[in-house]
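**Q** So that you have it, the file is input_37.cif, and it contains mmCIF, C-alpha atoms and all ligand atoms:
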data_final
loop_
_atom_site.label_atom_id
_atom_site.label_comp_id
_atom_site.auth_asym_id
_atom_site.auth_seq_id
_atom_site.Cartn_x
_atom_site.Cartn_y
_atom_site.Cartn_z
CA THR A 1 -34.55 0.32 -30.97
CA GLN A 2 -35.90 -3.18 -30.52
CA GLU A 3 -34.97 -3.99 -34.11
CA SER A 4 -31.36 -2.91 -33.70
CA LEU A 5 -31.07 -4.90 -30.48
CA GLU A 6 -32.26 -8.01 -32.29
CA GLU A 7 -29.82 -7.22 -35.09
CA ALA A 8 -26.95 -6.87 -32.58
CA ARG A 9 -27.75 -10.31 -31.16
CA ARG A 10 -27.84 -11.67 -34.71
CA VAL A 11 -24.36 -10.28 -35.36
CA LEU A 12 -22.91 -12.11 -32.35
CA ARG A 13 -24.70 -15.34 -33.23
CA ALA A 14 -23.53 -15.14 -36.84
CA ASN A 15 -19.92 -14.54 -35.73
CA ASP A 16 -20.04 -17.37 -33.18
CA ARG A 17 -17.72 -20.19 -34.21
CA GLY A 18 -18.56 -22.37 -31.20
CA GLY A 19 -17.05 -21.04 -27.96
CA PHE A 20 -15.33 -18.11 -29.62
CA THR A 21 -16.64 -15.15 -31.56
CA ILE A 22 -14.74 -13.83 -34.56
CA PRO A 23 -14.64 -10.02 -34.83
CA THR A 24 -15.95 -10.21 -38.42
CA ALA A 25 -15.89 -12.79 -41.22
CA GLY A 26 -13.03 -12.56 -43.74
CA LEU A 27 -11.03 -9.67 -42.26
CA TYR A 28 -10.64 -11.18 -38.75
CA PRO A 29 -11.55 -14.89 -38.73
CA PHE A 30 -9.96 -15.91 -35.38
CA GLN A 31 -10.34 -14.95 -31.71
CA TRP A 32 -8.73 -11.66 -30.63
CA LEU A 33 -7.99 -10.86 -27.00
CA TRP A 34 -9.62 -7.51 -26.37
CA ASP A 35 -12.39 -8.18 -28.86
CA ALA A 36 -13.24 -11.29 -26.84
CA GLY A 37 -13.49 -9.21 -23.66
CA PHE A 38 -15.96 -6.71 -25.12
CA THR A 39 -17.84 -9.44 -26.92
CA ALA A 40 -18.31 -11.33 -23.65
CA LEU A 41 -19.96 -8.20 -22.19
CA GLY A 42 -22.36 -8.25 -25.13
CA TRP A 43 -23.18 -11.96 -24.79
CA MET A 44 -23.81 -11.34 -21.10
CA ARG A 45 -26.92 -9.37 -22.04
CA PHE A 46 -28.71 -12.37 -23.51
CA ASP A 47 -26.74 -15.59 -22.92
CA GLU A 48 -24.68 -15.76 -19.73
CA PRO A 49 -23.16 -19.25 -20.23
CA ARG A 50 -22.04 -18.20 -23.72
CA ALA A 51 -20.44 -15.05 -22.29
CA TRP A 52 -18.32 -17.04 -19.83
CA ALA A 53 -17.42 -19.54 -22.56
CA GLU A 54 -15.91 -16.70 -24.62
CA LEU A 55 -13.32 -16.01 -21.93
CA GLU A 56 -12.64 -19.66 -21.14
CA THR A 57 -11.93 -20.31 -24.81
CA LEU A 58 -9.64 -17.29 -24.95
CA PHE A 59 -7.52 -18.70 -22.14
CA LEU A 60 -6.95 -21.93 -24.13
CA GLY A 61 -4.33 -19.81 -25.88
CA GLN A 62 -2.49 -18.77 -22.70
CA TRP A 63 1.24 -19.56 -22.59
CA GLU A 64 2.94 -21.38 -19.71
CA ASN A 65 4.70 -18.12 -18.76
CA GLY A 66 1.27 -16.49 -18.30
CA MET A 67 1.23 -14.41 -21.50
CA LEU A 68 -2.20 -14.14 -23.07
CA PRO A 69 -1.71 -13.79 -26.83
CA HIS A 70 -3.58 -11.26 -28.90
CA ILE A 71 -4.79 -13.85 -31.43
CA VAL A 72 -5.76 -17.48 -30.88
CA PHE A 73 -5.89 -19.37 -34.19
CA HIS A 74 -8.43 -21.96 -33.10
CA ARG A 75 -8.76 -23.36 -36.60
CA PRO A 76 -7.15 -22.70 -39.98
CA GLU A 77 -8.50 -19.86 -42.16
CA GLU A 78 -7.03 -18.52 -45.37
CA THR A 79 -8.52 -15.03 -45.35
CA TYR A 80 -6.12 -13.40 -42.85
CA PHE A 81 -2.42 -12.58 -42.84
CA PRO A 82 -0.19 -13.08 -40.81
CA GLY A 83 -1.45 -16.50 -39.78
CA PRO A 84 0.16 -19.08 -37.48
CA GLU A 85 2.92 -20.11 -39.92
CA ARG A 86 4.24 -16.60 -40.12
CA TRP A 87 4.21 -16.19 -36.33
CA GLY A 88 6.14 -19.42 -36.00
CA VAL A 89 4.64 -20.27 -32.62
CA THR A 90 4.38 -24.03 -32.28
CA ARG A 91 1.57 -24.53 -29.82
CA THR A 92 -1.88 -26.05 -29.82
CA PRO A 93 -3.93 -24.06 -30.46
CA PRO A 94 -1.52 -21.86 -32.42
CA THR A 95 -1.30 -18.24 -31.27
CA SER A 96 0.46 -14.97 -31.95
CA ALA A 97 3.40 -14.03 -29.70
CA ILE A 98 2.29 -10.61 -28.42
CA THR A 99 -0.53 -9.43 -26.19
CA GLN A 100 -3.25 -6.73 -26.32
CA PRO A 101 -5.03 -4.39 -23.86
CA PRO A 102 -5.81 -6.65 -20.86
CA VAL A 103 -9.50 -5.88 -20.35
CA VAL A 104 -10.39 -9.32 -18.96
CA ALA A 105 -10.14 -8.81 -15.18
CA THR A 106 -12.33 -5.72 -15.33
CA PHE A 107 -14.97 -7.39 -17.44
CA VAL A 108 -14.98 -10.53 -15.26
CA ARG A 109 -15.73 -8.30 -12.30
CA SER A 110 -18.55 -6.53 -14.07
CA MET A 111 -19.95 -9.84 -15.38
CA LEU A 112 -19.90 -11.23 -11.85
CA GLU A 113 -21.63 -8.11 -10.52
CA GLN A 114 -24.40 -8.16 -13.11
CA ALA A 115 -24.97 -11.92 -13.49
CA GLN A 116 -28.47 -13.30 -13.05
CA ASP A 117 -26.94 -16.71 -12.46
CA GLN A 118 -24.70 -15.92 -9.48
CA ALA A 119 -23.67 -19.53 -8.86
CA LEU A 120 -22.42 -19.91 -12.42
CA ALA A 121 -20.71 -16.51 -12.35
CA GLU A 122 -18.89 -17.20 -9.14
CA ALA A 123 -17.70 -20.62 -10.33
CA LYS A 124 -16.44 -19.14 -13.62
CA ALA A 125 -14.77 -16.14 -11.98
CA ARG A 126 -13.08 -18.49 -9.52
CA SER A 127 -11.73 -20.69 -12.29
CA LEU A 128 -10.57 -17.72 -14.42
CA TYR A 129 -8.93 -15.86 -11.54
CA PRO A 130 -5.63 -17.84 -11.32
CA ARG A 131 -5.17 -17.56 -15.08
CA ILE A 132 -5.71 -13.80 -15.03
CA LEU A 133 -3.33 -13.47 -12.10
CA ALA A 134 -0.67 -15.42 -14.04
CA TYR A 135 -1.21 -13.06 -16.98
CA HIS A 136 -0.80 -9.93 -14.87
CA ARG A 137 2.28 -11.40 -13.18
CA TRP A 138 3.73 -11.93 -16.64
CA PHE A 139 3.25 -8.22 -17.41
CA LYS A 140 5.10 -7.28 -14.25
CA ARG A 141 7.90 -9.84 -14.53
CA GLU A 142 8.60 -9.69 -18.26
CA ARG A 143 7.46 -6.23 -19.34
CA ASP A 144 8.27 -4.09 -16.31
CA PRO A 145 11.11 -5.91 -14.56
CA GLU A 146 12.54 -2.63 -13.26
CA ASN A 147 9.26 -1.59 -11.68
CA THR A 148 8.95 1.70 -13.56
CA GLY A 149 5.16 1.44 -13.34
CA LEU A 150 4.89 1.42 -17.15
CA VAL A 151 4.79 -1.67 -19.32
CA THR A 152 7.10 -1.91 -22.33
CA VAL A 153 5.09 -2.55 -25.49
CA LEU A 154 6.91 -4.28 -28.34
CA HIS A 155 4.50 -3.94 -31.27
CA PRO A 156 1.88 -1.40 -32.39
CA TRP A 157 -0.55 -4.35 -32.59
CA GLU A 158 -0.16 -4.83 -28.82
CA THR A 159 -1.58 -1.36 -28.20
CA GLY A 160 -4.74 -2.24 -30.15
CA ALA A 161 -4.32 1.09 -31.99
CA ASP A 162 -2.13 -0.33 -34.74
CA ASN A 163 -1.42 2.67 -36.97
CA SER A 164 -2.00 5.48 -34.49
CA PRO A 165 0.08 8.55 -35.35
CA ALA A 166 1.50 8.12 -31.85
CA TRP A 167 3.69 5.32 -33.21
CA ASP A 168 4.91 7.05 -36.38
CA GLU A 169 8.43 8.00 -35.27
CA ALA A 170 9.01 4.91 -33.17
CA LEU A 171 7.93 2.71 -36.06
CA ALA A 172 9.88 4.65 -38.67
CA ARG A 173 13.02 3.83 -36.69
CA VAL A 174 12.43 0.11 -37.31
CA GLU A 175 14.56 -0.73 -40.33
CA VAL A 176 12.70 -2.97 -42.72
CA ASP A 177 14.39 -6.36 -42.74
CA PRO A 178 16.14 -6.69 -46.14
CA ALA A 179 15.49 -10.44 -45.91
CA LEU A 180 11.83 -10.00 -45.02
CA PRO A 181 10.06 -13.01 -46.53
CA PRO A 182 7.62 -11.85 -49.22
CA TYR A 183 3.98 -11.64 -48.23
CA THR A 184 0.56 -10.67 -49.49
CA ARG A 185 -1.66 -8.53 -47.36
CA ARG A 186 -5.18 -9.87 -47.03
CA ASP A 187 -6.76 -6.95 -45.16
CA THR A 188 -6.91 -4.73 -48.23
CA ALA A 189 -8.84 -7.42 -50.09
CA HIS A 190 -11.66 -6.96 -47.55
CA VAL A 191 -11.51 -3.22 -46.82
CA ASP A 192 -10.73 -0.14 -48.93
CA PRO A 193 -6.98 0.54 -48.49
CA SER A 194 -7.71 4.20 -47.63
CA GLN A 195 -9.22 2.89 -44.37
CA ARG A 196 -6.30 0.62 -43.45
CA PRO A 197 -2.65 1.02 -42.40
CA ARG A 198 -0.13 1.92 -45.11
CA GLN A 199 2.29 -0.49 -46.73
CA ALA A 200 5.36 1.09 -45.05
CA GLU A 201 3.75 0.30 -41.71
CA TYR A 202 2.97 -3.29 -42.68
CA ASP A 203 6.59 -3.92 -43.71
CA ARG A 204 7.65 -2.83 -40.23
CA PHE A 205 4.85 -4.73 -38.47
CA LEU A 206 6.14 -7.86 -40.22
CA THR A 207 9.81 -7.04 -39.61
CA LEU A 208 9.09 -7.07 -35.87
CA LEU A 209 7.82 -10.66 -36.13
CA GLU A 210 11.22 -11.68 -37.53
CA VAL A 211 12.91 -9.90 -34.59
CA TYR A 212 10.85 -11.93 -32.10
CA LYS A 213 11.52 -15.23 -33.85
CA ARG A 214 15.27 -14.56 -33.90
CA ALA A 215 15.12 -13.84 -30.15
CA GLY A 216 13.19 -17.06 -29.52
CA PHE A 217 10.40 -14.86 -28.09
CA ASP A 218 12.64 -14.15 -25.08
CA GLN A 219 10.92 -11.11 -23.54
CA LEU A 220 13.76 -9.87 -21.36
CA ARG A 221 16.07 -9.98 -24.35
CA LEU A 222 13.51 -8.15 -26.47
CA LEU A 223 13.25 -5.42 -23.83
CA ARG A 224 16.84 -4.60 -24.78
CA GLU A 225 16.92 -5.50 -28.46
CA CYS A 226 13.53 -4.77 -29.95
CA PRO A 227 13.80 -1.63 -32.10
CA PHE A 228 10.19 -0.65 -31.23
CA ARG A 229 9.55 0.02 -27.54
CA VAL A 230 6.84 2.34 -26.26
CA ALA A 231 4.70 2.94 -23.20
CA SER A 232 1.10 2.89 -24.38
CA LEU A 233 -1.76 4.52 -22.48
CA LEU A 234 -4.11 1.90 -23.85
CA ILE A 235 -2.12 -0.89 -22.22
CA ASP A 236 -1.10 0.90 -19.03
CA CYS A 237 -4.52 2.37 -18.21
CA VAL A 238 -6.40 -0.81 -19.04
CA LEU A 239 -3.92 -2.83 -16.98
CA HIS A 240 -4.14 -0.44 -14.04
CA ARG A 241 -7.89 -0.75 -13.90
CA ALA A 242 -7.67 -4.50 -14.47
CA ASN A 243 -5.39 -4.73 -11.43
CA ARG A 244 -7.86 -2.74 -9.33
CA ASP A 245 -10.53 -5.21 -10.35
CA LEU A 246 -8.25 -8.21 -9.84
CA LEU A 247 -7.61 -6.97 -6.31
CA TRP A 248 -11.36 -6.72 -5.80
CA LEU A 249 -11.80 -10.28 -7.12
CA SER A 250 -9.00 -11.56 -4.89
CA GLU A 251 -10.75 -10.11 -1.87
CA ARG A 252 -14.23 -11.17 -2.90
CA LEU A 253 -13.21 -14.74 -3.77
CA GLY A 254 -10.75 -15.06 -0.89
CA PHE A 255 -7.55 -15.62 -2.88
CA GLY A 256 -5.39 -13.41 -0.68
CA HIS A 257 -3.20 -11.66 -3.29
CA GLU A 258 -4.22 -8.14 -2.31
CA ALA A 259 -0.80 -6.98 -1.08
CA GLU A 260 1.01 -8.12 -4.22
CA ILE A 261 -1.51 -6.42 -6.49
CA ALA A 262 -1.55 -3.25 -4.39
CA GLY A 263 2.21 -3.02 -4.96
CA TRP A 264 1.69 -3.09 -8.74
CA LEU A 265 -1.00 -0.43 -8.45
CA LYS A 266 1.25 1.90 -6.52
CA ALA A 267 3.85 1.71 -9.29
CA SER A 268 1.42 2.12 -12.19
CA GLN A 269 -0.35 5.03 -10.49
CA ARG A 270 2.98 6.83 -10.49
CA GLY A 271 3.90 5.64 -13.98
CA ILE A 272 0.66 6.79 -15.62
CA GLU A 273 0.54 10.16 -13.88
CA GLY A 274 4.09 10.73 -15.09
CA LEU A 275 2.64 10.83 -18.63
CA TRP A 276 0.57 13.95 -17.88
CA ASP A 277 1.38 17.07 -19.93
CA GLU A 278 0.34 20.22 -18.11
CA GLU A 279 0.58 22.48 -21.13
CA ALA A 280 -1.39 20.23 -23.50
CA GLY A 281 -3.94 19.28 -20.85
CA LEU A 282 -3.77 15.58 -21.57
CA TYR A 283 -1.66 12.46 -21.27
CA PHE A 284 0.89 11.42 -23.88
CA ASN A 285 2.29 8.01 -24.76
CA ARG A 286 6.06 7.68 -24.35
CA ASP A 287 8.79 6.45 -26.64
CA LEU A 288 10.89 4.17 -24.47
CA VAL A 289 13.82 4.11 -26.89
CA THR A 290 14.34 7.89 -26.65
CA GLY A 291 12.57 8.35 -23.32
CA GLU A 292 10.60 11.25 -24.83
CA PRO A 293 6.85 11.91 -24.65
CA ILE A 294 5.01 11.35 -27.94
CA ARG A 295 3.31 14.69 -28.31
CA VAL A 296 0.19 13.79 -30.26
CA GLY A 297 -3.23 13.62 -28.63
CA VAL A 298 -5.07 10.35 -29.19
CA SER A 299 -8.27 8.89 -27.77
CA ALA A 300 -6.18 6.89 -25.27
CA SER A 301 -4.99 10.22 -23.86
CA PHE A 302 -8.28 10.29 -21.91
CA LEU A 303 -7.98 6.79 -20.46
CA PRO A 304 -6.48 7.77 -17.09
CA LEU A 305 -10.14 8.58 -16.35
CA TYR A 306 -10.94 4.92 -16.89
CA ALA A 307 -7.85 3.83 -14.96
CA GLY A 308 -8.88 6.12 -12.10
CA THR A 309 -5.36 7.50 -11.64
CA ALA A 310 -6.14 11.14 -12.57
CA SER A 311 -6.66 13.79 -9.87
CA PRO A 312 -9.96 15.71 -10.01
CA GLU A 313 -8.04 18.72 -11.40
CA ARG A 314 -6.53 16.70 -14.22
CA ALA A 315 -9.90 15.12 -14.96
CA ARG A 316 -11.38 18.63 -15.35
CA ARG A 317 -8.57 19.60 -17.76
CA LEU A 318 -9.21 16.44 -19.78
CA LEU A 319 -12.85 17.38 -20.10
CA ASP A 320 -11.87 20.85 -21.39
CA THR A 321 -9.55 19.24 -23.92
CA LEU A 322 -12.30 16.89 -25.04
CA GLU A 323 -14.67 19.83 -25.47
CA GLY A 324 -12.07 21.44 -27.72
CA TRP A 325 -12.00 18.31 -29.87
CA ALA A 326 -15.80 18.31 -29.99
CA GLN A 327 -15.71 21.69 -31.77
CA ARG A 328 -13.95 20.02 -34.69
CA VAL A 329 -15.97 16.83 -35.21
CA ARG A 330 -19.60 15.83 -35.27
CA TYR A 331 -19.10 12.55 -33.36
CA LEU A 332 -16.94 11.88 -30.31
CA VAL A 333 -14.32 10.50 -29.68
CA PRO A 334 -12.00 10.69 -32.69
CA SER A 335 -8.98 8.41 -32.29
CA THR A 336 -6.59 11.29 -33.06
CA ASP A 337 -6.75 14.95 -32.01
CA PRO A 338 -8.67 16.60 -34.89
CA HIS A 339 -6.40 19.67 -34.58
CA SER A 340 -3.38 17.54 -35.43
CA PRO A 341 -1.97 17.58 -38.97
CA ARG A 342 -1.83 13.79 -38.61
CA PHE A 343 -5.59 13.48 -38.18
CA GLU A 344 -7.03 11.33 -41.01
CA PRO A 345 -10.76 10.88 -40.39
CA GLN A 346 -11.15 7.63 -42.28
CA ARG A 347 -7.90 5.76 -41.75
CA TYR A 348 -8.26 3.16 -39.00
CA TRP A 349 -6.65 4.53 -35.78
CA ARG A 350 -5.65 7.90 -37.25
CA GLY A 351 -9.03 9.60 -36.77
CA PRO A 352 -12.12 7.35 -36.79
CA VAL A 353 -14.38 6.79 -33.78
CA TRP A 354 -14.26 3.36 -32.11
CA ALA A 355 -17.24 2.25 -29.98
CA VAL A 356 -15.09 0.28 -27.55
CA VAL A 357 -12.78 3.18 -26.70
CA ASN A 358 -15.85 5.39 -26.31
CA TYR A 359 -17.18 2.90 -23.79
CA LEU A 360 -14.00 3.07 -21.70
CA ILE A 361 -13.79 6.87 -21.82
CA ALA A 362 -17.46 7.31 -20.95
CA LEU A 363 -17.14 4.98 -17.96
CA GLY A 364 -14.27 7.07 -16.71
CA LEU A 365 -16.09 10.38 -17.22
CA ALA A 366 -19.14 9.11 -15.35
CA GLU A 367 -17.01 7.94 -12.46
CA TYR A 368 -15.30 11.33 -12.21
CA GLY A 369 -18.68 13.04 -11.93
CA TYR A 370 -19.25 14.11 -15.54
CA PRO A 371 -22.46 12.25 -16.46
CA GLU A 372 -23.44 14.70 -19.24
CA ALA A 373 -20.15 14.21 -21.06
CA ALA A 374 -20.48 10.45 -20.64
CA LEU A 375 -24.01 10.61 -22.00
CA ARG A 376 -22.91 12.66 -25.02
CA ILE A 377 -20.36 9.96 -25.94
CA ARG A 378 -22.90 7.20 -25.45
CA ARG A 379 -25.50 9.01 -27.57
CA ASP A 380 -22.99 9.64 -30.34
CA THR A 381 -22.07 5.97 -30.37
CA LEU A 382 -25.66 4.74 -30.51
CA GLU A 383 -26.44 7.29 -33.22
CA LEU A 384 -23.49 6.12 -35.31
CA VAL A 385 -24.78 2.56 -35.15
CA GLN A 386 -28.34 3.62 -36.01
CA LYS A 387 -27.02 5.55 -38.97
CA SER A 388 -24.33 3.22 -40.30
CA GLY A 389 -24.80 -0.20 -38.74
CA PHE A 390 -22.37 -2.33 -36.74
CA SER A 391 -19.23 -1.09 -38.44
CA GLU A 392 -15.73 -1.65 -37.13
CA TYR A 393 -15.19 2.14 -36.82
CA PHE A 394 -16.83 5.39 -37.96
CA HIS A 395 -15.99 8.66 -39.70
CA PRO A 396 -16.07 11.37 -36.99
CA LEU A 397 -17.35 14.07 -39.36
CA THR A 398 -19.85 12.24 -41.57
CA GLY A 399 -20.73 9.25 -39.40
CA ALA A 400 -20.03 6.87 -42.30
CA GLY A 401 -19.31 3.26 -41.35
CA LEU A 402 -15.70 2.19 -42.02
CA GLY A 403 -13.61 -0.99 -41.97
CA GLY A 404 -15.33 -4.33 -41.49
CA SER A 405 -19.11 -4.63 -41.08
CA SER A 406 -21.27 -6.85 -38.82
CA PHE A 407 -18.56 -6.29 -36.26
CA SER A 408 -18.83 -8.14 -32.95
CA TRP A 409 -17.48 -5.55 -30.55
CA THR A 410 -19.60 -2.75 -31.98
CA ALA A 411 -22.67 -4.97 -31.61
CA ALA A 412 -21.59 -5.81 -28.06
CA ILE A 413 -21.26 -2.16 -27.03
CA TYR A 414 -24.65 -1.48 -28.58
CA LEU A 415 -26.16 -4.28 -26.46
CA VAL A 416 -24.48 -3.00 -23.31
CA TRP A 417 -25.44 0.62 -23.88
CA SER A 418 -28.97 0.37 -25.17
CA GLN A 419 -30.50 -1.77 -22.43
C1 LIG B 1 -4.70 -6.57 -37.83
O1 LIG B 1 -4.27 -7.55 -38.42
O2 LIG B 1 -5.08 -5.54 -38.38
C2 LIG B 1 -4.85 -6.63 -36.37
O3 LIG B 1 -5.22 -5.43 -35.82
C3 LIG B 1 -3.59 -7.14 -35.76
O4 LIG B 1 -3.94 -8.01 -34.82
#
Would you encode the structure as structure tokens?
**A**
Amino acid sequence: TQESLEEARRVLRANDRGGFTIPTAGLYPFQWLWDAGFTALGWMRFDEPRAWAELETLFLGQWENGMLPHIVFHRPEETYFPGPERWGVTRTPPTSAITQPPVVATFVRSMLEQAQDQALAEAKARSLYPRILAYHRWFKRERDPENTGLVTVLHPWETGADNSPAWDEALARVEVDPALPPYTRRDTAHVDPSQRPRQAEYDRFLTLLEVYKRAGFDQLRLLRECPFRVASLLIDCVLHRANRDLLWLSERLGFGHEAEIAGWLKASQRGIEGLWDEEAGLYFNRDLVTGEPIRVGVSASFLPLYAGTASPERARRLLDTLEGWAQRVRYLVPSTDPHSPRFEPQRYWRGPVWAVVNYLIALGLAEYGYPEAALRIRRDTLELVQKSGFSEYFHPLTGAGLGGSSFSWTAAIYLVWSQ
């Protein structure tokens, strides 16, 4: 409705801190990588210069080696932990030391394609392109040096799906540092703890930070030494599509990197399709310490549709699997297979519906020729917002709003999908 659209714009304006948009006040008071990408798509619907500014500000946090960190701490805030001191990264602006699903190249392409102001869009895309290329080269050089076609992920936070049941075993293997400096969680002061990760997970999340600091953030060393190493569909599928769109940008803007990027795509096509499970009818993440598939269905299991790597046959099987899930929940797409004993419908990435993942899955379904399924997901998402507002995530059975409220990326998806 017109009212909700106005409300969505109000959410972005209220979360605007001048060049960057916080996901929500209190709980997440800085700029996050993939949030910034989705939020830029939302800004694009009513303020194009502000949309481009979101991405330019994000790249102020980029490291010299090309890494784009998952948090940029543009200015001090006391309401979040772990902040810059705990990360121990001495840079200006301070940042975290890990990355997040690399949505930027794809969204730059779609912003360029939809821009009213083509001159501005082309100038911005041209100036962002070399920075995105450096970021993707970093992935290849430092996270897939053996060209397996799958990126090594070093922290559940990198996957975006922090406490997904997919990471349970891999994370349990991380021994909590006996010398872990004491800390106070801030997240549970903002959100009911039953909707957030558990304490045992936080101790391990924080232990991993100590591992990185001891290794001086040396990525190649961490590929050997980090006790948590997984291949994540969220990262690999988003990166694969981002590389397709980077290749498109290279061609369109005349940068001439097509052959290099095509080489990456060939490897990741093979890598992602190697995660297919014929019996389960979906894709599984992989534990790179044991080399074994992680046999729990999660919303990211459908993302090879978004990547575009799946064959038409596999796409059809994915749709069947999704229809099976739909029998168990009122709203699609739950973040964990609702048949799984690990499904927890209100705990963060263990069951709730996330608008941004819905957006990626629906795009993929539409592109594979399943417009009705795509429409169902879009309708569910809009209905959740109508019912419960711009929540961070939603209960897949009741539709209740969960986590933070007045959330930027939920507002952004609403803006993108309702106009
Ligand atoms: C958090 O703190 O919950 C974030 O997801 C990590 O970036």
**Q** At a cut-off of 8 Å, can you tabulate as JSON lines every residue of chain A near ligand LIG 1 (chain B) together with its closest atom pair and the distance in Å to one decimal, using all atoms listed in the file and ordering rows by chain then number?
**A**
{"residue": "A:Tyr28", "atom": "CA", "partner": "B:LIG1", "partner_atom": "O1", "distance": 7.3}
{"residue": "A:Trp32", "atom": "CA", "partner": "B:LIG1", "partner_atom": "O4", "distance": 7.3}
{"residue": "A:His70", "atom": "CA", "partner": "B:LIG1", "partner_atom": "O4", "distance": 6.8}
{"residue": "A:Ile71", "atom": "CA", "partner": "B:LIG1", "partner_atom": "O4", "distance": 6.8}
{"residue": "A:Tyr80", "atom": "CA", "partner": "B:LIG1", "partner_atom": "O1", "distance": 7.6}
{"residue": "A:Phe81", "atom": "CA", "partner": "B:LIG1", "partner_atom": "O1", "distance": 6.9}
{"residue": "A:Pro82", "atom": "CA", "partner": "B:LIG1", "partner_atom": "O1", "distance": 7.3}
{"residue": "A:Trp157", "atom": "CA", "partner": "B:LIG1", "partner_atom": "C3", "distance": 5.2}
{"residue": "A:Glu158", "atom": "CA", "partner": "B:LIG1", "partner_atom": "O4", "distance": 7.8}
{"residue": "A:Gly160", "atom": "CA", "partner": "B:LIG1", "partner_atom": "O3", "distance": 6.5}
{"residue": "A:Ala161", "atom": "CA", "partner": "B:LIG1", "partner_atom": "O3", "distance": 7.6}
{"residue": "A:Asp162", "atom": "CA", "partner": "B:LIG1", "partner_atom": "O3", "distance": 6.1}
{"residue": "A:Asp187", "atom": "CA", "partner": "B:LIG1", "partner_atom": "O2", "distance": 7.1}
**Q** Up to 8 Å from (-25.7, 8.2, -42.4) in the file's coordinates: name the residues, counting all atoms listed in the file, as an MDAnalysis selection string.
**A** chainID A and resid 384 387:388 398:400
**Q** Neighbours of Ile261 of chain A within 12 Å (only C-alpha atoms; same-chain residues fewer than 3 positions away dropped), as a list in words?
**A**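 Result of the neighbour search: Leu133, Ala134, His136, Arg137, Lys140, Leu239, His240, Arg241, Ala242, Asn243, Arg244, Asp245, Leu246, Leu247, Trp248, Leu249, Ser250, Glu251, Phe255, Gly256, His257, Glu258, Trp264, Leu265, Lys266, Ala267 and Ser268 of chain A.
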**Q** Show me, as a PyMOL selection string, the residues that have an atom within 9 Å of Tyr331 of chain A when counting all atoms listed in the file, minus same-chain residues fewer than 6 positions from it.
**A** chain A and resi 353+377+380-381+384+394-399
**Q** Quick one: of A:Trp354, A:Tyr359, A:Tyr212, A:Tyr370, who's nearest to Leu303 of chain A, counting only C-alpha atoms?
**A**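 Once distances to Leu303 of chain A are computed over only C-alpha atoms, the minimum belongs to A:Tyr359.
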**Q** For the point (-14.3, -8.0, -34.3) in the file's frame, write as number ranges by chain all residues with an atom no more than 12 Å away, counting only C-alpha atoms.
**A** A: 11-12, 14-16, 20-40, 71, 160, 354-356, 390-393, 403-413
**Q** List as a VMD selection string the protein and nucleic acid residues near segment 217-231 of chain A, meaning an atom at most 8 Å away when all atoms listed in the file are counted, but skip any in the same chain fewer than 4 places from it.
**A** chain A and resid 97 142 to 143 150 to 155 170 to 171 173 to 174 208 211 to 213 235 to 236 285 to 289
**Q** Could you check the closest approach to Pro334 of chain A for each of A:Leu318, A:Ala307, A:Ala179, A:Val357 and tell me which residue wins, using all atoms listed in the file?
**A**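 Among the listed residues, the smallest separation from Pro334 of chain A belongs to A:Val357.
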**Q** One decimal, in Å: what's the spacing between atom CA of Gln195 of chain A and atom CA of Gln346 of chain A?
**A**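 According to the coordinates, atom CA of Gln195 of chain A and atom CA of Gln346 of chain A are separated by 5.5 Å.
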**Q** Expressed in Å to a single decimal, how great is the separation between atom CA of Phe139 of chain A and atom CA of Gln100 of chain A?
**A**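 One can read the atom CA of Phe139 of chain A to atom CA of Gln100 of chain A distance as 11.1 Å.
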**Q** Would you mind reading off the distance between atom CA of Leu402 of chain A and atom CA of Pro182 of chain A, one decimal, in Å?
**A**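 One can read the atom CA of Leu402 of chain A to atom CA of Pro182 of chain A distance as 28.2 Å.
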**Q** Show which residues sit within 12 Å of Gln116 of chain A, as number ranges by chain. Count all atoms listed in the file, and ignore same-chain residues fewer than 2 positions away.
**A** A: 44-49, 111-114, 118-122
**Q** Taking all atoms listed in the file into account, which of A:Thr159, A:Ser127, A:Thr148, A:Gln269 comes nearest Ile98 of chain A?
**A**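 Selected residue with least distance to Ile98 of chain A: A:Thr159.
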**Q** With a distance cut-off of 12 Å and all atoms listed in the file, select the neighbouring residues of Glu279 of chain A, excluding the residue or stretch itself and same-chain residues fewer than 2 positions from it, and output the selection as a ChimeraX atom specification.
**A** /A:276-277,281-284,295,314,317-318,321
